[in-house]
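What follows is a short report on a single structure.
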Amino acid sequence: MTSAGRSAEIADYAQRLHARGWVANHDGNLSVREGNGRYLATPTATSKAAVRAEGLVVVDDEGKQVGGRGKPFSEIGLHLTVYQNRRDVEAVIHAHPPTATGFAVAGVPLDEAFLAEAVVSLGPGVPTVPFAAPGADACRTLAAFTQGYDAVLLGGHGVLTWGPDLETAYLRMELVEHLAKIALVARQLGGVRPLPSSLLPKLLEARAKAGLGKTESGKKVVVACAPAPPGSDVEVYDPKRQSRGVALPPATELANIIRQEIAAALKK
Ligand SMILES: [Zn+2]
């Protein structure tokens with residue numbers, strides 16, 4: 001697809017987010033990978049209904065603006081964290097669809113496997129990335145969830161989805177919101193009944209066969225947007241160092257460490 005085609009597509013999906021009622025005010029943002037360390041993204045402080053192809057911004061892999069008219073949005077670090085940890089990802093979408101965001105802000109997990117098709121499409125439930133202050137902390141917390149997942153609830157915030165193209169990322173946003181609506185009704189009717197656990201291996205096998213739920217083993221999980229806290233195991237993304245060929249420990253291993261850290265922090 002040409003750059004002009006990608007711009008038109010971003011504007012189209014931005015308007016769809018607004019039409020679906022998944023964003024209000026200036027909420028939400030979309031981006032696509034342009035190649036050569038460049039990303040095309042929606043501008044900040046713009047209603048998604050008003051996004052036009054000619055009003056997009058281009059940022060580099062540190063989130064700095066290198067083209068376009070508007071200004072980049074502050075959550076670009078979340079998008080870059082996904083891109084830099086998943087080379088297969090070409091598009092990222094962030095929105096606040098009301099039901100799924102309701103789960104995210106109520107601290108109610110949506111991580112049970114209760115619909116077979118959804119397990120194949122999204123994995124055994126949609127994980128919640130624990131709330132972290134916007135910026136470096138939020139990127140660091142998200143980084144561990146980029147492996148094996150394609151959609152997450154952002155605790156106290158909203159939903160982030162990604163995929164090989166904008167349509168897939170958009171459909172994943174739609175599915176997360178749909179699952180949240182179903183789970184909400186089920187809770188009103190007495191609660192979600194998880195699928196029998198004996199069924200899960202088969203569904204996850206179908207998921208793997210479909211090439212979904214990718215991890216990049218052998219690659220270090222990186223945080224795109226700001227320095228990692230002192231003593232942290234998380235490597236801050238540094239294009240210069242990476243291009244010099246610094247050896248990177250396994251992403252999956254680091255993801256496990258961060259998940260354990262998060263679990264321990266939540267218990268405190
Ligand atoms: Zn947001």
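Simple scheme: letters A, B, ... for chains in structure tokens order, numbers from 1 for residues in each chain, numbers from 1 for ligands in the order shown.
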A:Leu40 environment, 8 Å, only C-alpha atoms, sequence neighbours closer than 4 positions dropped, as an MDAnalysis selection string: chainID A and resid 7 31:34 56:59
Using the chain letters and numbers from this document, which residues of stretch 79-234 of chain A does DSSP assign to strand (DSSP E), as number ranges by chain? A: 91-95, 128-129, 151-154, 158-163, 222-223
As an exercise, work out the distance from atom CA of A:Met173 to atom CA of A:Thr161 in Å and give it to one decimal place. 6.0 Å
Long-range neighbours of A:Val159 as a PDB file with C-alpha atoms, in the first residue's frame, 10 Å cut-off, only C-alpha atoms, 6 positions minimum in chain:
```
ATOM      1  CA  TRP A  22     -15.475   4.078  21.299  1.00  0.00           C
ATOM      2  CA  GLY A  28      -7.954   7.408  21.083  1.00  0.00           C
ATOM      3  CA  ILE A  93      -5.099   1.213  17.873  1.00  0.00           C
ATOM      4  CA  HIS A  94      -5.986   2.715  21.238  1.00  0.00           C
ATOM      5  CA  ALA A  95      -9.565   3.590  22.205  1.00  0.00           C
ATOM      6  CA  HIS A  96     -11.910   3.786  25.193  1.00  0.00           C
ATOM      7  CA  PRO A  97     -14.841   1.549  24.141  1.00  0.00           C
ATOM      8  CA  PRO A  98     -17.211   2.033  27.094  1.00  0.00           C
ATOM      9  CA  ALA A 100     -14.383  -2.882  27.953  1.00  0.00           C
ATOM     10  CA  THR A 101     -13.060   0.347  29.467  1.00  0.00           C
ATOM     11  CA  ALA A 104     -10.531  -1.773  32.902  1.00  0.00           C
ATOM     12  CA  VAL A 126      -7.931 -10.482  27.467  1.00  0.00           C
ATOM     13  CA  THR A 128      -5.334  -6.370  32.019  1.00  0.00           C
ATOM     14  CA  VAL A 129      -2.098  -4.402  32.054  1.00  0.00           C
ATOM     15  CA  ALA A 151      -5.244  -7.038  22.662  1.00  0.00           C
ATOM     16  CA  VAL A 152      -5.045  -5.805  26.244  1.00  0.00           C
ATOM     17  CA  LEU A 153      -7.126  -3.825  28.693  1.00  0.00           C
ATOM     18  CA  MET A 173     -10.939  -3.758  19.315  1.00  0.00           C
ATOM     19  CA  VAL A 176     -12.778  -6.992  22.985  1.00  0.00           C
ATOM     20  CA  GLU A 177     -15.741  -4.614  23.342  1.00  0.00           C
TER      21      GLU A 177
END
```
So what do you get for atom CA of A:Leu189 versus atom CA of A:Pro124, distance-wise? 21.9 Å
Write out as a PyMOL selection string each polymer residue (protein, DNA or RNA) that has an atom no more than 6 Å from ligand 1, with only C-alpha atoms and all ligand atoms counted. chain A and resi 27-28+157-158
Those same residues - N, CA and C atoms - I'd like them written as a PDB file, in the first residue's frame.
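Here's the written file selection_14.pdb:
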```
ATOM      1  N   ASP A  27     -10.022  11.539  22.680  1.00  0.00           N
ATOM      2  CA  ASP A  27      -9.554  10.188  23.030  1.00  0.00           C
ATOM      3  C   ASP A  27      -9.124   9.395  21.807  1.00  0.00           C
ATOM      4  N   GLY A  28      -8.272   8.423  22.077  1.00  0.00           N
ATOM      5  CA  GLY A  28      -7.954   7.408  21.083  1.00  0.00           C
ATOM      6  C   GLY A  28      -6.846   7.835  20.133  1.00  0.00           C
ATOM      7  N   HIS A 157      -7.819   2.719  32.344  1.00  0.00           N
ATOM      8  CA  HIS A 157      -7.586   3.566  31.177  1.00  0.00           C
ATOM      9  C   HIS A 157      -8.436   3.191  29.951  1.00  0.00           C
ATOM     10  N   GLY A 158      -8.174   2.069  29.292  1.00  0.00           N
ATOM     11  CA  GLY A 158      -8.898   1.777  28.049  1.00  0.00           C
ATOM     12  C   GLY A 158      -8.420   0.474  27.438  1.00  0.00           C
TER      13      GLY A 158
END
```
